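Asks: Structure supplied as target12.tsv; contents: TSV, C-alpha atoms.
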```tsv
chain	number	residue	atom	x	y	z
A	288	MET	CA	97.84	95.37	74.44
A	289	LYS	CA	95.38	92.98	72.75
A	290	HIS	CA	93.49	95.86	71.09
A	291	LYS	CA	92.66	97.40	74.49
A	292	LYS	CA	93.12	101.09	75.21
A	293	PRO	CA	94.34	102.28	78.63
A	294	VAL	CA	91.70	103.48	81.05
A	295	SER	CA	93.91	106.28	82.38
A	296	VAL	CA	97.12	108.00	81.28
A	297	ILE	CA	99.49	110.31	83.19
A	298	THR	CA	101.80	112.62	81.23
A	299	ASP	CA	104.18	115.49	81.97
A	300	GLY	CA	102.04	118.12	80.19
A	301	ASP	CA	103.28	117.84	76.61
A	302	GLU	CA	100.60	119.46	74.43
A	303	ALA	CA	101.44	117.24	71.44
A	304	MET	CA	100.77	114.14	73.55
A	305	LYS	CA	97.52	115.67	74.77
A	306	ASN	CA	96.34	116.23	71.18
A	307	VAL	CA	97.20	112.63	70.25
A	308	LEU	CA	95.28	111.27	73.25
A	309	VAL	CA	92.23	113.36	72.41
A	310	ARG	CA	92.29	112.20	68.81
A	311	LEU	CA	93.14	108.49	69.21
A	312	MET	CA	91.89	107.68	72.72
A	313	PRO	CA	89.06	110.10	73.53
A	314	GLU	CA	87.63	107.82	76.25
A	315	THR	CA	90.92	107.58	78.15
A	316	HIS	CA	91.21	109.82	81.22
A	317	HIS	CA	94.24	112.08	80.87
A	318	ARG	CA	95.96	113.44	83.97
A	319	LEU	CA	98.93	115.77	84.29
A	320	CYS	CA	101.79	114.66	86.53
A	321	SER	CA	101.37	116.15	90.02
A	322	TRP	CA	105.14	116.50	90.45
A	323	HIS	CA	105.45	118.68	87.35
A	324	ILE	CA	102.41	120.76	88.37
A	325	GLY	CA	103.86	121.24	91.85
A	326	ARG	CA	107.20	122.30	90.39
A	327	ASN	CA	105.50	124.83	88.13
A	328	ILE	CA	103.53	126.22	91.09
A	329	GLY	CA	106.78	126.75	92.99
A	330	GLN	CA	108.42	128.45	90.00
A	331	ASN	CA	105.54	130.82	89.17
A	332	LEU	CA	104.35	131.74	92.67
A	333	LYS	CA	106.84	133.37	95.00
A	334	SER	CA	104.78	133.43	98.19
A	335	GLU	CA	105.09	130.31	100.34
A	336	LYS	CA	101.50	130.73	101.52
A	337	ALA	CA	100.26	130.89	97.94
A	338	ILE	CA	102.26	127.78	97.01
A	339	LYS	CA	100.76	125.93	99.97
A	340	SER	CA	97.20	127.01	99.08
A	341	PHE	CA	97.38	125.93	95.43
A	342	SER	CA	99.23	122.70	96.25
A	343	LYS	CA	96.43	121.83	98.65
A	344	LEU	CA	93.89	122.30	95.84
A	345	MET	CA	95.78	119.74	93.79
A	346	PHE	CA	95.16	116.87	96.24
A	347	ALA	CA	92.07	117.99	98.19
A	348	SER	CA	89.19	115.50	98.17
A	349	LEU	CA	86.38	118.01	97.58
A	350	THR	CA	83.24	118.20	95.52
A	351	VAL	CA	83.36	120.39	92.40
A	352	PRO	CA	81.41	123.28	94.02
A	353	GLU	CA	83.64	123.09	97.12
A	354	TRP	CA	86.76	123.12	94.95
A	355	GLU	CA	85.54	126.12	92.95
A	356	ALA	CA	84.84	128.02	96.17
A	357	GLN	CA	88.29	127.17	97.57
A	358	TRP	CA	89.93	128.30	94.31
A	359	ARG	CA	88.22	131.70	94.46
A	360	VAL	CA	89.25	132.10	98.09
A	361	ALA	CA	92.89	131.29	97.25
A	362	VAL	CA	92.97	133.68	94.26
A	363	ASP	CA	91.41	136.55	96.23
A	364	MET	CA	93.57	135.95	99.30
A	365	HIS	CA	96.84	136.16	97.36
A	366	GLN	CA	95.59	138.82	94.88
A	367	LEU	CA	96.22	136.72	91.76
A	368	GLN	CA	93.17	137.78	89.74
A	369	ASN	CA	95.34	139.22	86.94
A	370	ASN	CA	98.03	136.54	86.97
A	371	GLU	CA	98.12	134.97	83.49
A	372	TRP	CA	99.78	131.76	84.65
A	373	VAL	CA	97.15	131.20	87.36
A	374	SER	CA	94.38	131.80	84.80
A	375	ALA	CA	95.97	129.26	82.43
A	376	LEU	CA	96.27	126.77	85.31
A	377	TYR	CA	92.58	127.18	86.08
A	378	LYS	CA	91.63	126.36	82.47
A	379	LYS	CA	93.42	123.00	82.87
A	380	GLN	CA	91.78	122.19	86.19
A	381	THR	CA	90.12	119.02	84.92
A	382	ARG	CA	93.56	117.55	84.12
A	383	TRP	CA	95.42	118.12	87.40
A	384	ALA	CA	93.02	118.57	90.36
A	385	GLU	CA	92.13	115.44	92.33
A	386	THR	CA	88.50	116.59	92.59
A	387	PHE	CA	87.88	116.01	88.89
A	388	PHE	CA	89.34	112.49	88.89
A	389	ARG	CA	87.25	110.95	91.65
A	390	GLY	CA	85.60	107.82	90.27
A	391	HIS	CA	88.20	107.30	87.52
A	392	PHE	CA	90.64	104.47	88.17
A	393	PHE	CA	94.28	105.57	88.46
A	394	ALA	CA	95.44	102.84	90.90
A	395	GLY	CA	96.49	105.48	93.42
A	396	MET	CA	99.02	107.07	91.04
A	397	CYS	CA	99.11	110.81	90.37
A	398	SER	CA	102.60	111.31	88.90
A	399	THR	CA	105.03	109.79	86.41
A	400	GLN	CA	107.45	109.10	89.26
A	401	ARG	CA	107.68	105.35	88.62
A	402	CYS	CA	108.75	105.53	84.98
A	403	GLU	CA	110.92	108.61	85.64
A	404	GLY	CA	112.64	106.71	88.46
A	405	MET	CA	113.33	103.73	86.18
A	406	ASN	CA	114.65	106.05	83.46
A	407	CYS	CA	116.96	107.68	86.00
A	408	GLN	CA	118.34	104.31	87.08
A	409	PHE	CA	118.92	103.25	83.46
A	410	LYS	CA	120.66	106.53	82.61
A	411	LYS	CA	123.13	106.01	85.44
A	412	ARG	CA	124.46	102.91	83.70
A	413	LEU	CA	124.27	104.17	80.09
A	414	ASP	CA	126.05	106.96	78.23
A	415	PRO	CA	126.63	107.94	74.57
A	416	THR	CA	129.78	105.79	74.42
A	417	THR	CA	128.05	102.58	75.59
A	418	THR	CA	128.21	99.81	72.99
A	419	ILE	CA	125.17	97.74	72.03
A	420	SER	CA	126.46	94.56	73.65
A	421	ALA	CA	127.27	96.41	76.88
A	422	MET	CA	123.90	98.18	76.82
A	423	MET	CA	121.98	94.88	76.54
A	424	GLY	CA	123.90	93.39	79.44
A	425	ARG	CA	123.33	96.41	81.68
A	426	LEU	CA	119.63	96.60	80.85
A	427	GLU	CA	119.23	92.91	81.60
A	428	TRP	CA	121.06	93.35	84.91
A	429	LYS	CA	118.74	96.21	85.90
A	430	GLN	CA	115.64	94.23	84.98
A	431	ARG	CA	116.85	91.34	87.14
A	432	ARG	CA	117.31	93.76	90.03
A	433	ILE	CA	113.72	94.94	89.70
A	434	ARG	CA	112.36	91.38	89.53
A	435	ASP	CA	114.53	90.32	92.46
A	436	ARG	CA	113.01	93.12	94.53
A	437	VAL	CA	109.52	91.80	93.73
A	438	LEU	CA	110.55	88.28	94.73
A	439	ARG	CA	112.06	89.58	97.98
A	440	ASP	CA	108.89	91.52	98.85
A	441	ASN	CA	106.76	88.44	98.16
A	442	PHE	CA	109.04	86.28	100.30
A	443	ASN	CA	108.92	88.74	103.22
A	444	ALA	CA	105.14	89.00	102.96
A	445	LYS	CA	104.75	85.22	102.92
A	446	ASN	CA	107.08	84.54	105.84
A	447	SER	CA	106.30	87.49	108.11
A	448	THR	CA	103.80	87.43	110.98
A	449	LEU	CA	101.34	90.31	111.07
A	450	VAL	CA	99.67	91.72	114.15
A	451	PHE	CA	95.90	92.19	113.93
A	452	ASP	CA	95.17	95.17	116.14
A	453	THR	CA	92.32	97.11	114.50
A	454	HIS	CA	88.77	97.34	115.83
A	455	LEU	CA	87.63	95.22	112.83
A	456	ARG	CA	89.76	92.18	113.50
A	457	GLN	CA	87.68	89.68	111.51
A	458	LEU	CA	87.71	91.89	108.39
A	459	GLU	CA	91.40	92.55	108.95
A	460	LYS	CA	92.19	88.81	108.94
A	461	GLU	CA	90.23	88.25	105.75
A	462	ALA	CA	91.96	91.18	104.06
A	463	CYS	CA	95.35	89.78	105.05
A	464	LYS	CA	94.53	86.42	103.44
A	465	THR	CA	93.10	88.00	100.29
A	466	PHE	CA	95.29	90.98	99.37
A	467	SER	CA	98.99	91.40	98.78
A	468	HIS	CA	101.12	92.69	101.65
A	469	ASP	CA	101.40	96.31	100.45
A	470	ILE	CA	97.69	96.60	99.65
A	471	PHE	CA	96.79	95.07	103.01
A	472	ILE	CA	98.81	97.76	104.79
A	473	MET	CA	96.86	100.44	102.91
A	474	ILE	CA	93.52	98.80	103.73
A	475	LYS	CA	94.53	98.51	107.37
A	476	SER	CA	95.28	102.23	107.52
A	477	GLN	CA	91.76	102.93	106.26
A	478	MET	CA	90.34	100.61	108.93
A	479	ASN	CA	92.15	102.59	111.63
A	480	PHE	CA	91.11	105.89	110.08
A	481	GLY	CA	87.48	104.72	110.05
A	482	ASP	CA	87.47	104.88	113.84
A	483	LYS	CA	87.39	108.69	113.56
A	484	PHE	CA	84.02	108.66	111.76
A	485	VAL	CA	80.51	108.19	113.09
A	486	VAL	CA	77.20	107.33	111.43
A	487	HIS	CA	74.89	110.33	111.82
A	488	GLN	CA	71.82	109.05	110.00
A	489	ARG	CA	70.59	105.77	108.55
A	490	PHE	CA	67.68	105.27	106.15
A	491	THR	CA	66.30	101.90	105.05
A	492	PHE	CA	64.31	101.16	101.90
A	493	PRO	CA	62.81	97.66	102.37
A	494	ASN	CA	61.13	97.53	98.97
A	495	ALA	CA	64.41	98.18	97.20
A	496	ASP	CA	66.54	96.16	99.66
A	497	ALA	CA	68.74	99.22	100.16
A	498	VAL	CA	70.25	101.17	103.05
A	499	VAL	CA	71.77	104.66	102.93
A	500	SER	CA	74.01	105.76	105.79
A	501	TYR	CA	75.41	109.28	106.26
A	502	VAL	CA	78.89	109.36	107.77
A	503	GLY	CA	80.69	112.35	109.27
A	504	GLN	CA	84.00	112.99	110.96
A	505	TYR	CA	83.79	113.46	114.69
A	506	ASP	CA	85.50	116.88	114.76
A	507	LYS	CA	84.20	118.10	111.35
A	508	VAL	CA	80.44	117.81	111.49
A	509	GLU	CA	79.94	120.02	108.42
A	510	ARG	CA	81.43	117.38	106.09
A	511	ARG	CA	79.37	114.27	105.31
A	512	TRP	CA	79.56	111.26	103.00
A	513	SER	CA	76.86	108.81	101.99
A	514	VAL	CA	77.44	105.04	102.00
A	515	ASP	CA	74.96	103.05	99.92
A	516	TYR	CA	74.10	99.37	100.25
A	517	HIS	CA	72.02	97.40	97.75
A	518	GLY	CA	71.15	93.74	98.35
A	519	ASN	CA	70.91	93.10	94.61
A	520	LYS	CA	69.35	89.62	95.03
A	521	GLY	CA	72.20	87.95	96.92
A	522	ASN	CA	74.99	89.97	95.26
A	523	PRO	CA	75.36	92.91	97.69
A	524	GLN	CA	76.91	96.13	96.43
A	525	TRP	CA	78.57	98.78	98.57
A	526	SER	CA	79.59	102.25	97.44
A	527	CYS	CA	80.64	105.56	98.99
A	528	SER	CA	80.21	109.10	97.70
A	529	CYS	CA	83.95	109.79	98.11
A	530	LYS	CA	84.59	107.24	95.30
A	531	MET	CA	87.94	106.17	96.73
A	532	TYR	CA	87.41	102.55	95.73
A	533	GLU	CA	86.52	103.51	92.16
A	534	SER	CA	89.65	105.73	91.98
A	535	ASP	CA	92.30	103.75	93.88
A	536	GLY	CA	90.82	100.27	94.27
A	537	ILE	CA	91.00	100.60	98.09
A	538	PRO	CA	87.86	100.64	100.32
A	539	CYS	CA	87.59	103.94	102.18
A	540	ALA	CA	87.34	104.65	105.90
A	541	HIS	CA	83.67	105.62	105.53
A	542	LEU	CA	82.80	102.11	104.38
A	543	PHE	CA	84.61	100.54	107.34
A	544	CYS	CA	82.78	102.90	109.69
A	545	VAL	CA	79.45	101.61	108.34
A	546	PHE	CA	80.70	98.00	108.45
A	547	LYS	CA	81.30	98.44	112.16
A	548	LYS	CA	77.82	99.89	112.63
A	549	GLU	CA	76.16	97.10	110.59
A	550	LEU	CA	78.30	94.34	112.20
A	551	VAL	CA	79.71	93.19	108.84
A	552	THR	CA	82.19	90.34	109.45
A	553	GLU	CA	82.91	89.16	105.89
A	554	PHE	CA	84.85	91.25	103.39
A	555	PRO	CA	82.38	92.16	100.59
A	556	PRO	CA	83.38	90.59	97.25
A	557	CYS	CA	82.34	93.78	95.41
A	558	LEU	CA	85.21	95.61	97.18
A	559	ILE	CA	87.93	93.11	96.19
A	560	ASN	CA	89.98	94.40	93.27
A	561	LYS	CA	91.44	91.28	91.64
A	562	GLN	CA	94.56	93.19	90.61
A	563	TRP	CA	95.53	93.55	94.29
A	564	THR	CA	95.01	89.93	95.38
A	565	ARG	CA	97.76	87.46	96.25
A	566	GLU	CA	96.68	84.96	93.57
A	567	VAL	CA	97.13	87.44	90.72
A	568	GLY	CA	100.65	88.21	91.93
A	569	ARG	CA	101.57	84.52	91.93
A	570	GLN	CA	100.13	83.99	88.43
A	571	GLN	CA	101.98	86.96	86.95
A	572	LEU	CA	105.23	85.91	88.59
A	573	SER	CA	104.98	82.36	87.23
A	574	HIS	CA	104.45	83.70	83.70
A	575	HIS	CA	107.51	85.96	83.86
A	576	VAL	CA	110.12	83.52	85.14
A	577	TRP	CA	113.31	83.99	83.18
A	578	LYS	CA	114.51	81.06	81.11
A	579	PHE	CA	117.98	81.59	79.74
A	580	PRO	CA	118.54	80.05	76.30
A	581	THR	CA	121.26	77.50	75.75
A	582	THR	CA	122.54	79.46	72.73
A	583	ALA	CA	123.97	82.33	74.76
A	584	PRO	CA	127.36	82.39	72.97
A	585	GLN	CA	125.62	82.57	69.59
A	586	SER	CA	123.43	85.44	70.84
A	587	ALA	CA	126.47	87.31	72.12
A	588	GLN	CA	128.24	86.71	68.80
A	589	SER	CA	125.22	88.08	66.94
A	590	LEU	CA	125.29	91.20	69.11
A	591	LEU	CA	128.98	91.73	68.36
A	592	LYS	CA	128.30	91.40	64.60
A	593	LEU	CA	125.45	93.90	64.88
A	594	GLU	CA	127.66	96.31	66.80
A	595	ARG	CA	130.41	95.97	64.18
A	596	HIS	CA	127.86	96.59	61.40
A	597	VAL	CA	126.65	99.79	63.10
A	598	GLN	CA	130.21	101.05	63.54
A	599	ILE	CA	130.97	100.43	59.84
A	600	THR	CA	127.81	102.13	58.59
A	601	ARG	CA	128.38	105.15	60.86
A	602	SER	CA	132.07	105.58	59.87
A	603	PRO	CA	132.68	108.27	57.21
A	604	LEU	CA	133.57	107.09	53.72
A	605	LYS	CA	137.07	107.93	52.55
A	606	ALA	CA	137.35	109.01	48.92
A	607	SER	CA	140.05	107.25	46.93
A	608	THR	CA	142.77	109.45	45.56
A	609	PRO	CA	144.34	108.83	42.13
A	610	GLN	CA	147.79	107.36	42.11
```
Let's see the structure in the file written out as structure tokens.
Replies:
Amino acid sequence: MKHKKPVSVITDGDEAMKNVLVRLMPETHHRLCSWHIGRNIGQNLKSEKAIKSFSKLMFASLTVPEWEAQWRVAVDMHQLQNNEWVSALYKKQTRWAETFFRGHFFAGMCSTQRCEGMNCQFKKRLDPTTTISAMMGRLEWKQRRIRDRVLRDNFNAKNSTLVFDTHLRQLEKEACKTFSHDIFIMIKSQMNFGDKFVVHQRFTFPNADAVVSYVGQYDKVERRWSVDYHGNKGNPQWSCSCKMYESDGIPCAHLFCVFKKELVTEFPPCLINKQWTREVGRQQLSHHVWKFPTTAPQSAQSLLKLERHVQITRSPLKASTPQ
């Protein structure tokens, strides 16, 4: 990885892996797989209401004080003060609750579902009796299937006609030209969701070239978010207290609500994650085009020799008997 450590890691809860991450990559953010946590909640809590309450705490976008208050309410409501498993789950709160990961980039992922899904697909075509030559062919076939799916999605995105129907049509068009198809759909959903928010207050700071807007949901006045703007000498910066962009790389609905209020018609460069743009997808695809070597028979022959060598080394030795 060119001597670079991952920013974030998701694991299934193995304590040995946790200790290795703490020792070798202390700056990496470690998160436990939400699927495994949800399964454990279902196995250790028998009440459906309790399962629903604690599952909600796993994904709720709350501040730390709000999350702590909701946890106490859930524990008292279901009388779990003396439950050892619930107490152990609370001690690991910073590794599984969404509240404690806001602002840390996880690209919208919260489980190991992607790698587990690939492992499941590989296992369907492999078994203990599979030879090395057969294994290489099946793995190559599966990899081609995955790459073909990416090519198909890119083709459909390039040749499909999208309908611009949000209340921020100019921003929607720019987002369509800039981002990949899947990311554009996610951004569009946030644009539509932004219509449910209103700007309650707006404060300007002329000396600092900054504006702070407080946004609230129409039917939930008690909840508010702050959207900050800094001119920064021609390089404007936008940020929201929900930290969705910092966590997922997607601008939140609160930002689009303020954009509508401020009549913003150009997509801010500070909110464009280069990993989600169309150009990056084309560059990566061009670097990973498969080129089959002309020495395929020799490669296959080498695999057969390797397979034969493994079979010979694994076969038991027969002791010679005297004549």
Asks: Considering all atoms listed in the file, can you say which of A:Leu542, A:Ile433, A:Ala361, A:Cys557 comes closest to Val499 of chain A?
Replies: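 Ranked by minimum distance to Val499 of chain A, first place goes to A:Leu542.
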Asks: What does the distance between atom CA of Ser500 of chain A and atom CA of Asp482 of chain A come to in Å, to one decimal place?
Replies: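 Between atom CA of Ser500 of chain A and atom CA of Asp482 of chain A the gap is 15.7 Å.
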Asks: If you measure from atom CA of Cys320 of chain A to atom CA of Gly300 of chain A, what distance in Å do you get, rounded to one decimal?
Replies: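 Those two atoms sit 7.2 Å apart.
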Asks: Can you tell me how far atom CA of Thr386 of chain A sits from atom CA of Asp469 of chain A, in Å to one decimal?
Replies: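 We find that atom CA of Thr386 of chain A and atom CA of Asp469 of chain A lie 25.3 Å from each other.
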Asks: Could you tell me which of A:Leu332, A:Ser534, A:Phe387, A:Asp440 comes closest to Val362 of chain A if we count all atoms listed in the file?
Replies: A:Leu332
Asks: As an NGL selection string, please: the residues near Phe471 of chain A (cut-off 10 Å, all atoms listed in the file, same-chain neighbours under 4 positions excluded).
Replies: :A and (459-467 or 475-477 or 537 or 563-564)
Asks: Using only C-alpha atoms, find the one residue out of A:Gly325, A:Pro523, A:Pro555, A:Pro415 that sits nearest to Phe543 of chain A.
Replies: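 With only C-alpha atoms as the atom set, the closest residue is A:Pro555.
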Asks: Using only C-alpha atoms, which of A:Cys539, A:Leu344, A:Val309, A:Val351 sits nearest Ala384 of chain A?
Replies: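 That would be A:Leu344, the residue with the smallest distance to Ala384 of chain A.
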Asks: Give me, as a compact mmCIF listing (two decimals) with C-alpha atoms, in the frame of the given file, all polymer residues having an atom no more than 9 Å from segment 518-522 of chain A, counting all atoms listed in the file and skipping those fewer than 4 positions away in the same chain.
Replies:
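Listing of out_34.txt after writing:
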```txt
# COMPACT_ATOMS: atom_id res chain seq x y z
CA ALA A 495 64.41 98.18 97.20
CA ASP A 496 66.54 96.16 99.66
CA ALA A 497 68.74 99.22 100.16
CA VAL A 498 70.25 101.17 103.05
CA PRO A 556 83.38 90.59 97.25
CA CYS A 557 82.34 93.78 95.41
```
Asks: When you count all atoms listed in the file, which of these residues is closest to Ile328 of chain A: A:Val502, A:Val373, A:Leu308, A:Met473?
Replies: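 Result for the nearest residue to Ile328 of chain A: A:Val373.
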Asks: Considering all atoms listed in the file, state which residue in the set A:His541, A:Lys305, A:Arg432, A:His316 is at the smallest distance from Lys483 of chain A.
Replies: A:His541
